[in-house]
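Trainee: Quick one, data08.txt (compact mmCIF, C-alpha atoms):
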```txt
# COMPACT_ATOMS: atom_id res chain seq x y z
CA MET A 1 70.04 -52.70 -54.62
CA ALA A 2 68.04 -49.46 -54.87
CA PRO A 3 69.99 -46.41 -55.90
CA ALA A 4 70.81 -43.95 -53.14
CA ARG A 5 68.57 -40.89 -52.96
CA PHE A 6 70.18 -37.71 -54.21
CA GLN A 7 70.74 -35.17 -51.42
CA PRO A 8 71.56 -31.55 -52.27
CA SER A 9 73.66 -31.40 -49.13
CA SER A 10 76.25 -33.58 -50.87
CA ILE A 11 77.05 -30.70 -53.25
CA LYS A 12 80.06 -28.84 -51.91
CA ASN A 13 79.56 -25.64 -53.87
CA LYS A 14 77.28 -23.39 -51.85
CA ILE A 15 75.78 -21.46 -54.76
CA LYS A 16 75.04 -24.61 -56.74
CA ARG A 17 73.64 -26.34 -53.63
CA GLU A 18 71.19 -23.48 -52.96
CA GLU A 19 70.10 -23.44 -56.61
CA VAL A 20 69.38 -27.17 -56.67
CA THR A 21 67.51 -26.98 -53.36
CA ARG A 22 65.37 -24.12 -54.65
CA LYS A 23 64.48 -26.03 -57.83
CA LEU A 24 63.54 -29.16 -55.87
CA LYS A 25 61.31 -27.21 -53.53
CA LYS A 26 59.60 -25.46 -56.44
CA SER A 27 58.93 -28.74 -58.25
CA LYS A 28 57.43 -30.28 -55.08
CA ASN A 29 55.10 -27.32 -54.61
CA GLN A 30 53.99 -27.47 -58.24
CA ALA A 31 53.28 -31.20 -57.95
CA LYS A 32 51.29 -30.64 -54.78
CA LEU A 33 49.27 -27.84 -56.43
CA GLN A 34 48.53 -30.00 -59.48
CA LYS A 35 47.34 -32.82 -57.21
CA ARG A 36 44.93 -30.47 -55.43
CA LEU A 37 43.57 -29.15 -58.73
CA ASP A 38 42.99 -32.66 -60.05
CA GLN A 39 41.30 -33.65 -56.81
CA ALA A 40 39.04 -30.58 -56.96
CA LYS A 41 37.91 -31.55 -60.49
CA VAL A 42 37.06 -35.07 -59.36
CA GLU A 43 35.14 -33.84 -56.28
CA ALA A 44 33.21 -31.29 -58.36
CA ASN A 45 31.70 -34.16 -60.34
CA ASP A 46 31.40 -36.55 -57.36
CA PRO A 47 30.31 -34.88 -54.06
CA ALA A 48 30.50 -38.23 -52.27
CA ALA A 49 34.27 -38.28 -52.80
CA LYS A 50 34.63 -34.95 -51.01
CA LYS A 51 32.57 -36.14 -48.05
CA LYS A 52 34.68 -39.28 -47.83
CA ARG A 53 37.92 -37.27 -47.90
CA ILE A 54 36.72 -34.88 -45.18
CA SER A 55 35.55 -37.74 -42.95
CA GLU A 56 38.91 -39.52 -43.27
CA ASN A 57 41.05 -36.40 -42.95
CA VAL A 58 40.80 -36.00 -39.16
CA PRO A 59 43.81 -34.27 -37.55
CA ARG A 60 45.44 -35.98 -34.58
CA THR A 61 45.22 -33.81 -31.47
CA LEU A 62 45.76 -34.35 -27.76
CA ASP A 63 41.99 -34.37 -27.28
CA ASN A 64 41.07 -37.13 -29.72
CA THR A 65 44.15 -39.23 -28.89
CA ARG A 66 43.73 -39.11 -25.11
CA GLU A 67 44.56 -42.21 -23.10
CA ALA A 68 41.73 -44.62 -22.42
CA ASP A 69 40.20 -44.08 -18.99
CA PRO A 70 37.93 -46.73 -17.41
CA ALA A 71 35.87 -43.88 -15.91
CA MET A 72 34.97 -42.51 -19.35
CA LEU A 73 31.34 -42.92 -20.33
CA SER A 74 31.09 -44.78 -23.60
CA ALA A 75 28.64 -44.07 -26.40
CA ALA A 76 26.80 -47.32 -25.76
CA GLY A 77 23.05 -47.37 -25.27
CA PRO A 78 21.25 -46.82 -21.97
CA SER A 79 20.86 -50.58 -21.51
CA SER A 80 24.61 -51.12 -21.09
CA ALA A 81 25.94 -52.09 -17.65
CA GLN A 82 28.07 -48.95 -17.42
CA HIS A 83 25.10 -46.64 -18.01
CA VAL A 84 22.97 -48.56 -15.51
CA GLU A 85 25.67 -48.16 -12.87
CA PHE A 86 26.11 -44.48 -13.73
CA SER A 87 22.34 -43.88 -13.51
CA ASN A 88 22.27 -45.45 -10.06
CA ASP A 89 25.18 -43.27 -8.95
CA ILE A 90 23.63 -39.99 -10.05
CA ALA A 91 20.29 -40.97 -8.52
CA SER A 92 21.94 -41.20 -5.08
CA ASP A 93 24.54 -38.42 -5.28
CA PRO A 94 24.26 -35.21 -3.19
CA PHE A 95 22.85 -33.25 -6.16
CA ALA A 96 19.85 -35.55 -6.71
CA ASP A 97 17.42 -33.22 -4.90
CA TYR A 98 18.18 -30.44 -7.38
CA PHE A 99 17.40 -32.62 -10.39
CA ASN A 100 14.23 -34.08 -8.85
CA PHE A 101 12.60 -30.61 -9.13
CA THR A 102 11.16 -30.76 -5.62
CA GLN A 103 11.28 -26.94 -5.47
CA ASP A 104 10.18 -24.17 -7.80
CA PRO A 105 12.52 -24.39 -10.84
CA THR A 106 12.32 -20.64 -11.46
CA ILE A 107 13.78 -19.73 -8.03
CA PRO A 108 17.59 -19.49 -8.20
CA PRO A 109 19.62 -21.28 -5.49
CA LYS A 110 21.10 -19.04 -2.82
CA VAL A 111 24.88 -18.66 -3.19
CA LEU A 112 27.06 -17.07 -0.52
CA ILE A 113 30.20 -15.49 -1.98
CA THR A 114 33.05 -14.40 0.26
CA THR A 115 36.83 -14.06 0.16
CA SER A 116 39.85 -15.16 2.09
CA ALA A 117 40.95 -13.12 5.07
CA LYS A 118 42.36 -9.65 4.33
CA ALA A 119 41.38 -9.62 0.66
CA SER A 120 42.49 -6.89 -1.74
CA LYS A 121 40.60 -4.63 -4.14
CA SER A 122 41.07 -6.89 -7.20
CA THR A 123 39.49 -9.81 -5.35
CA TYR A 124 36.47 -7.72 -4.35
CA GLU A 125 36.04 -6.62 -7.98
CA PHE A 126 36.08 -10.23 -9.13
CA CYS A 127 33.52 -11.17 -6.46
CA ASP A 128 31.30 -8.34 -7.68
CA GLU A 129 31.42 -9.90 -11.17
CA LEU A 130 30.47 -13.32 -9.76
CA VAL A 131 27.45 -11.82 -7.99
CA GLY A 132 26.18 -10.71 -11.39
CA VAL A 133 26.81 -14.13 -12.95
CA PHE A 134 24.87 -16.31 -10.49
CA PRO A 135 21.22 -15.20 -10.13
CA GLY A 136 20.88 -16.05 -6.42
CA ALA A 137 24.33 -14.87 -5.32
CA GLU A 138 25.00 -12.62 -2.33
CA PHE A 139 28.36 -11.23 -1.25
CA ILE A 140 29.28 -10.90 2.44
CA ARG A 141 32.63 -9.46 3.44
CA ARG A 142 34.63 -11.86 5.56
CA LYS A 143 35.58 -10.53 8.96
CA LYS A 144 39.06 -10.72 10.42
CA GLY A 145 40.08 -12.76 13.45
CA LYS A 146 39.35 -16.21 14.82
CA GLY A 147 35.98 -17.92 14.55
CA PHE A 148 35.54 -17.26 10.81
CA GLU A 149 36.99 -20.49 9.43
CA MET A 150 35.46 -21.88 6.25
CA GLY A 151 33.86 -24.75 8.15
CA ARG A 152 32.07 -22.41 10.56
CA ILE A 153 30.95 -20.15 7.70
CA ALA A 154 29.63 -23.16 5.78
CA GLY A 155 27.66 -24.37 8.82
CA TRP A 156 26.27 -20.87 9.37
CA ALA A 157 25.23 -20.58 5.70
CA ALA A 158 23.69 -24.07 5.60
CA GLY A 159 21.47 -23.21 8.54
CA ARG A 160 20.15 -20.14 6.74
CA GLY A 161 19.07 -21.71 3.48
CA TYR A 162 22.15 -21.17 1.33
CA LYS A 163 22.86 -23.93 -1.19
CA HIS A 164 26.46 -22.98 -2.05
CA LEU A 165 29.45 -21.33 -0.45
CA LEU A 166 31.96 -19.85 -2.89
CA VAL A 167 35.25 -18.60 -1.44
CA VAL A 168 37.67 -16.66 -3.64
CA ASN A 169 41.27 -17.04 -2.49
CA GLU A 170 44.08 -14.72 -3.47
CA ASP A 171 47.86 -14.65 -3.65
CA MET A 172 50.05 -11.61 -4.21
CA LYS A 173 46.88 -9.46 -4.10
CA LYS A 174 45.35 -11.29 -7.08
CA PRO A 175 42.59 -13.93 -7.03
CA ASN A 176 44.19 -17.30 -7.72
CA ALA A 177 41.73 -20.00 -6.56
CA ILE A 178 38.05 -20.77 -5.92
CA THR A 179 36.68 -23.14 -3.29
CA LEU A 180 33.12 -24.24 -4.06
CA VAL A 181 31.13 -25.94 -1.27
CA TYR A 182 27.76 -27.56 -1.85
CA LEU A 183 25.50 -27.13 1.18
CA PRO A 184 24.37 -28.51 3.51
CA ASN A 185 26.41 -31.74 3.39
CA GLY A 186 29.04 -31.24 0.68
CA PRO A 187 30.97 -32.12 -1.41
CA MET A 188 33.45 -29.32 -2.00
CA ALA A 189 35.88 -28.64 -4.84
CA TYR A 190 39.04 -26.56 -5.12
CA PHE A 191 39.92 -24.94 -8.46
CA LYS A 192 42.97 -22.97 -9.51
CA LEU A 193 41.96 -19.67 -11.09
CA SER A 194 43.75 -17.98 -14.00
CA SER A 195 43.29 -15.77 -17.08
CA ILE A 196 40.78 -13.42 -15.44
CA GLU A 197 39.26 -10.66 -17.55
CA LEU A 198 36.58 -8.49 -16.02
CA THR A 199 33.64 -7.14 -17.97
CA LYS A 200 35.16 -3.68 -18.27
CA GLN A 201 38.30 -5.17 -19.85
CA ILE A 202 36.37 -6.82 -22.72
CA TYR A 203 36.03 -4.54 -25.74
CA GLY A 204 32.47 -4.10 -26.98
CA HIS A 205 30.91 -6.12 -24.19
CA ALA A 206 27.17 -6.36 -23.71
CA ARG A 207 25.26 -5.39 -20.58
CA ALA A 208 23.87 -8.17 -18.42
CA THR A 209 20.19 -8.39 -17.53
CA PRO A 210 18.66 -9.98 -14.42
CA HIS A 211 17.24 -12.91 -16.41
CA ASN A 212 18.18 -16.47 -15.46
CA PRO A 213 20.74 -17.58 -18.08
CA GLU A 214 20.93 -20.80 -20.03
CA LEU A 215 23.80 -23.14 -19.16
CA VAL A 216 25.99 -25.10 -21.59
CA LEU A 217 28.35 -27.76 -20.19
CA ASN A 218 30.66 -29.11 -22.87
CA ASN A 219 33.05 -32.08 -23.04
CA PHE A 220 32.61 -33.58 -19.55
CA SER A 221 33.09 -37.24 -20.47
CA THR A 222 34.12 -39.07 -17.26
CA THR A 223 32.30 -39.78 -14.02
CA LEU A 224 34.47 -37.19 -12.26
CA GLY A 225 33.68 -34.68 -15.00
CA HIS A 226 29.96 -35.37 -14.65
CA ASN A 227 30.17 -34.74 -10.89
CA VAL A 228 31.92 -31.41 -11.48
CA GLY A 229 29.44 -30.46 -14.20
CA ARG A 230 26.43 -31.31 -12.03
CA MET A 231 27.95 -29.27 -9.22
CA PHE A 232 28.19 -26.20 -11.46
CA GLN A 233 24.68 -26.86 -12.77
CA THR A 234 23.26 -26.52 -9.27
CA LEU A 235 24.51 -22.91 -9.16
CA PHE A 236 21.79 -21.88 -11.62
CA PRO A 237 18.00 -22.35 -11.56
CA PRO A 238 16.78 -25.39 -13.51
CA LEU A 239 14.46 -23.31 -15.70
CA PRO A 240 16.16 -20.45 -17.60
CA GLU A 241 14.44 -17.34 -18.88
CA PHE A 242 14.83 -17.54 -22.63
CA GLN A 243 13.65 -14.00 -23.24
CA GLY A 244 16.94 -12.76 -21.75
CA ARG A 245 18.95 -14.60 -24.48
CA GLN A 246 21.89 -15.06 -22.11
CA VAL A 247 24.10 -18.17 -22.19
CA VAL A 248 26.73 -19.24 -19.67
CA ALA A 249 29.18 -21.76 -21.15
CA LEU A 250 31.66 -23.95 -19.28
CA HIS A 251 33.88 -25.65 -21.85
CA ASN A 252 36.25 -28.41 -20.74
CA GLN A 253 39.37 -28.82 -22.86
CA ARG A 254 42.35 -30.80 -21.56
CA ASP A 255 40.96 -30.45 -18.01
CA PHE A 256 40.89 -26.64 -18.23
CA LEU A 257 37.41 -25.21 -17.66
CA PHE A 258 36.86 -22.07 -19.74
CA PHE A 259 34.06 -19.84 -18.44
CA ARG A 260 32.28 -17.52 -20.89
CA ARG A 261 28.98 -15.60 -20.88
CA HIS A 262 27.31 -14.34 -24.07
CA ARG A 263 24.08 -12.91 -25.39
CA TYR A 264 22.81 -14.25 -28.69
CA ALA A 265 20.73 -12.44 -31.29
CA PHE A 266 18.95 -13.91 -34.32
CA ARG A 267 20.01 -11.97 -37.42
CA SER A 268 18.06 -14.26 -39.73
CA PRO A 269 16.45 -17.73 -39.59
CA GLU A 270 19.88 -19.23 -40.39
CA LYS A 271 22.36 -16.86 -38.68
CA VAL A 272 22.92 -16.11 -34.99
CA ALA A 273 25.27 -13.44 -33.62
CA LEU A 274 27.03 -13.60 -30.24
CA GLN A 275 28.07 -10.70 -28.04
CA GLU A 276 30.19 -11.44 -24.98
CA ILE A 277 29.00 -10.10 -21.64
CA GLY A 278 31.85 -11.19 -19.37
CA PRO A 279 33.65 -11.97 -17.20
CA ARG A 280 35.95 -14.66 -18.54
CA PHE A 281 38.27 -16.88 -16.54
CA THR A 282 39.78 -20.37 -16.50
CA LEU A 283 39.51 -23.05 -13.81
CA LYS A 284 41.49 -26.24 -13.19
CA LEU A 285 40.32 -28.81 -10.66
CA ARG A 286 42.84 -29.69 -7.94
CA TRP A 287 40.79 -31.78 -5.52
CA LEU A 288 37.29 -32.89 -4.61
CA LYS A 289 36.37 -33.71 -0.99
CA ARG A 290 33.39 -35.09 0.87
CA GLY A 291 31.47 -33.07 3.44
CA LEU A 292 31.98 -29.52 4.60
CA PRO A 293 35.36 -27.83 5.20
CA ALA A 294 37.06 -29.25 8.27
CA VAL A 295 37.79 -27.24 11.42
CA GLN A 296 40.52 -28.95 13.42
CA ASN A 297 39.80 -27.45 16.88
CA PHE A 298 36.00 -27.19 16.62
CA GLY A 299 34.35 -28.29 19.88
CA ALA A 300 37.66 -29.16 21.58
CA SER A 301 37.72 -29.04 25.37
CA PRO A 302 39.82 -26.27 26.95
CA ASP A 303 43.28 -26.99 28.29
CA ALA A 304 43.51 -28.39 31.81
CA LEU A 305 44.36 -26.00 34.63
CA GLU A 306 48.05 -26.19 35.47
CA ILE A 307 49.33 -25.22 38.95
CA SER A 308 53.02 -24.70 39.47
CA VAL A 309 54.68 -26.43 42.44
CA GLY A 310 55.34 -24.27 45.50
CA THR A 311 52.28 -22.06 45.40
CA GLU A 312 50.82 -21.21 48.78
CA GLU A 313 47.28 -20.38 47.75
CA LEU A 314 44.95 -22.16 45.44
CA PRO A 315 42.43 -20.31 43.37
CA GLY A 316 39.05 -20.35 45.00
CA PRO A 317 35.83 -21.26 43.29
CA PRO A 318 34.30 -18.58 41.13
CA GLU A 319 31.65 -16.45 42.71
CA GLU A 320 28.12 -17.34 41.82
CA THR A 321 26.34 -14.64 39.90
CA PRO A 322 22.71 -14.11 40.84
CA VAL A 323 20.26 -15.36 38.24
CA PRO A 324 17.74 -12.66 37.29
CA GLU A 325 14.16 -13.56 37.89
CA GLN A 326 12.01 -14.18 34.85
CA ASP A 327 8.35 -13.68 34.35
CA GLU A 328 6.04 -16.64 34.05
CA GLU A 329 5.21 -15.72 30.45
CA SER A 330 8.88 -15.61 29.43
CA GLU A 331 9.50 -18.95 31.13
CA MET A 332 6.62 -20.58 29.27
CA ARG A 333 7.58 -19.13 25.87
CA PRO A 334 9.98 -21.51 24.03
CA LEU A 335 13.08 -20.02 22.42
CA GLU A 336 13.39 -20.26 18.65
CA PRO A 337 16.28 -22.56 17.79
CA ILE A 338 18.85 -21.32 15.30
CA PRO A 339 19.81 -24.12 12.91
CA VAL A 340 23.53 -24.80 13.06
CA SER A 341 25.50 -27.37 11.08
CA ASN A 342 28.69 -28.38 12.86
CA PRO A 343 31.71 -28.74 10.58
CA PRO A 344 33.72 -31.97 10.57
CA LYS A 345 37.22 -32.32 11.98
CA ASP A 346 38.60 -34.10 8.93
CA ASN A 347 37.77 -34.61 5.25
CA GLU A 348 38.07 -37.52 2.84
CA TYR A 349 39.38 -36.94 -0.67
CA ILE A 350 37.15 -38.11 -3.50
CA TRP A 351 39.81 -37.16 -6.04
CA ARG A 352 43.09 -35.29 -5.76
CA TRP A 353 45.47 -34.19 -8.48
CA LYS A 354 49.06 -35.36 -8.19
CA PRO A 355 51.93 -34.89 -10.65
CA GLU A 356 52.50 -38.63 -10.90
CA LEU A 357 48.95 -39.10 -12.21
CA GLU A 358 49.80 -37.35 -15.47
CA THR A 359 51.91 -40.09 -17.02
CA THR A 360 51.72 -38.50 -20.49
CA ARG A 361 50.46 -35.32 -22.10
CA LYS A 362 47.41 -37.26 -23.27
CA THR A 363 46.18 -38.08 -19.75
CA PHE A 364 43.02 -36.20 -18.77
CA PHE A 365 40.56 -36.72 -15.92
CA LEU A 366 37.42 -34.71 -16.76
```
Using structure tokens, write down the structure from this file.
Mentor:
Amino acid sequence: MAPARFQPSSIKNKIKREEVTRKLKKSKNQAKLQKRLDQAKVEANDPAAKKKRISENVPRTLDNTREADPAMLSAAGPSSAQHVEFSNDIASDPFADYFNFTQDPTIPPKVLITTSAKASKSTYEFCDELVGVFPGAEFIRRKKGKGFEMGRIAGWAAGRGYKHLLVVNEDMKKPNAITLVYLPNGPMAYFKLSSIELTKQIYGHARATPHNPELVLNNFSTTLGHNVGRMFQTLFPPLPEFQGRQVVALHNQRDFLFFRRHRYAFRSPEKVALQEIGPRFTLKLRWLKRGLPAVQNFGASPDALEISVGTEELPGPPEETPVPEQDEESEMRPLEPIPVSNPPKDNEYIWRWKPELETTRKTFFL
């Protein structure tokens, strides 16, 4: 039978117990230091031992211990069945026209940026920052009243050549969400918005230039993540202007999308310096839908005329208004049609976040 391990807590005298505990801790630290010094001597003579130790000493994090997802793209070659299926999917997805380079790659896509109804000053300031981020962005203030639903706005924008509709929502007079719609036929995504810092709030920020920035999408490893990444990629022109030295980065970590914009400068052939331009914010995907935003009562017939019982007179037919005469030239001239895309009355979820989906802290979807 192995002897029981000595525990300082078994000593009843407090002063003696603290002294023994202090000596044990000091001896452990000295042994650990001596082990590191001996290991450093061995690695100084054998560099291969240091490389082996570094390759094996990988810390366990939530990122590298995430649960296996069948939608994750493996590191297998392009001849694998999964990559063949994924290639077929991206060749037929709504963003395929952008990646086929059918248009001039230097022309930025048109992006319509607006807000929710009755937006506040902080939301307008954030929209002004977004206009500077996306090269082809344009901000239009959303009017109040009926007839300005998101579905109607999306149809109006699609008929006028816009490729994206970006709506900034707010709560408690602070922007809290972004709805991104790909035009003309969808899909659309809803992101929660947090940790906003405007350019003026970043100390020592750089000034942005009108050059088309480079785009870096990092750590999108599932099919859903690739769809979200391709959707953000269509916000920028395919061909950046490298002389501007501007980089927009969207880094995915634990399904949080961190947005940053920097300018890089070459200090030497080996060193590169970064200066942040701003703004910075964080997104988290909540749902992804097909098509344009739905309008429930779009195109609905008016309510039937109701007549109460006991009325003596019925309403007569409306008087006919005389039709003004038109010239022969105006009758022969065809009217120019205005392209209109009617919004749907319902949407289908491609993916939707639910609390029961996150079975553990290691469950991620992008």
Trainee: Considering all atoms listed in the file, return as a ChimeraX atom specification whatever protein or nucleic-acid residues lie within 10 Å of range 123-139 of chain A, sequence-local ones (same chain, fewer than 3 positions apart) excluded.
Mentor: /A:107-116,119-120,142,162-171,173-176,196-199,208-213,235-237,248,261,277-280
Trainee: Which value, in Å to one decimal, gives the distance between CA of Arg263 in chain A and CA of Gln246 in chain A?
Mentor: 4.5 Å
Trainee: Using all atoms listed in the file, determine which residues lie at most 12 Å from Pro238 in chain A, disregarding the query and same-chain residues fewer than 4 positions distant; provide the list as a short mmCIF file (atom, residue, chain, number, x, y, z; two decimals) with C-alpha atoms, in the frame of the given file.
Mentor:
```cif
data_model
loop_
_atom_site.label_atom_id
_atom_site.label_comp_id
_atom_site.auth_asym_id
_atom_site.auth_seq_id
_atom_site.Cartn_x
_atom_site.Cartn_y
_atom_site.Cartn_z
CA ASP A 97 17.42 -33.22 -4.90
CA TYR A 98 18.18 -30.44 -7.38
CA PHE A 99 17.40 -32.62 -10.39
CA ASN A 100 14.23 -34.08 -8.85
CA PHE A 101 12.60 -30.61 -9.13
CA THR A 102 11.16 -30.76 -5.62
CA GLN A 103 11.28 -26.94 -5.47
CA ASP A 104 10.18 -24.17 -7.80
CA PRO A 105 12.52 -24.39 -10.84
CA THR A 106 12.32 -20.64 -11.46
CA ILE A 107 13.78 -19.73 -8.03
CA PRO A 108 17.59 -19.49 -8.20
CA PRO A 109 19.62 -21.28 -5.49
CA PRO A 135 21.22 -15.20 -10.13
CA ASN A 212 18.18 -16.47 -15.46
CA PRO A 213 20.74 -17.58 -18.08
CA GLU A 214 20.93 -20.80 -20.03
CA LEU A 215 23.80 -23.14 -19.16
CA ARG A 230 26.43 -31.31 -12.03
CA PHE A 232 28.19 -26.20 -11.46
CA GLN A 233 24.68 -26.86 -12.77
CA THR A 234 23.26 -26.52 -9.27
#
```
Trainee: What gap, in Å, lies between CA of Phe220 in chain A and CA of Ala294 in chain A?
Mentor: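 Between CA of Phe220 in chain A and CA of Ala294 in chain A the gap is 28.5 Å.
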Trainee: Set the distance at 10 Å and use all atoms listed in the file: which residues neighbour range 27-40 of chain A once local chain neighbours fewer than 6 positions away are removed? I'd like the list as JSON, numbers by chain.
Mentor: {"A": [46, 49, 50]}
Trainee: Which value, in Å to one decimal, gives the distance between CA of Pro187 in chain A and CA of Tyr349 in chain A?
Mentor: 9.7 Å
Trainee: Each residue of range 135-206 of chain A with at least one atom at most 9 Å from range 79-94 of chain A should appear once, together with its nearest atom pair and the corresponding distance in Å (one decimal); atoms considered: all atoms listed in the file; ordering: chain, then increasing residue number; output as JSON lines.
Mentor:
```
{"residue": "A:Tyr182", "atom": "CA", "partner": "A:Pro94", "partner_atom": "CA", "distance": 8.5}
{"residue": "A:Asn185", "atom": "CA", "partner": "A:Pro94", "partner_atom": "CA", "distance": 7.7}
{"residue": "A:Gly186", "atom": "CA", "partner": "A:Pro94", "partner_atom": "CA", "distance": 7.3}
{"residue": "A:Pro187", "atom": "CA", "partner": "A:Pro94", "partner_atom": "CA", "distance": 7.6}
```
Trainee: Nearest residue to Thr222 in chain A out of A:Lys362, A:Lys121, A:Met72, A:Ala96, using all atoms listed in the file?
Mentor: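 Closest candidate: A:Met72.
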Trainee: Could you give me, as a list of chain:residue names, the residues within 12 Å of Thr61 in chain A, counting all atoms listed in the file and dropping anything in the same chain fewer than 6 positions from it?
Mentor: A:Glu67, A:Gln253, A:Arg254, A:Arg361, A:Lys362
Trainee: Using all atoms listed in the file, determine which residues lie at most 12 Å from range 351-357 of chain A, disregarding the query and same-chain residues fewer than 2 positions distant; provide the list as number ranges by chain.
Mentor: A: 187-192, 223-225, 227-228, 255, 284-290, 347-349, 359-366
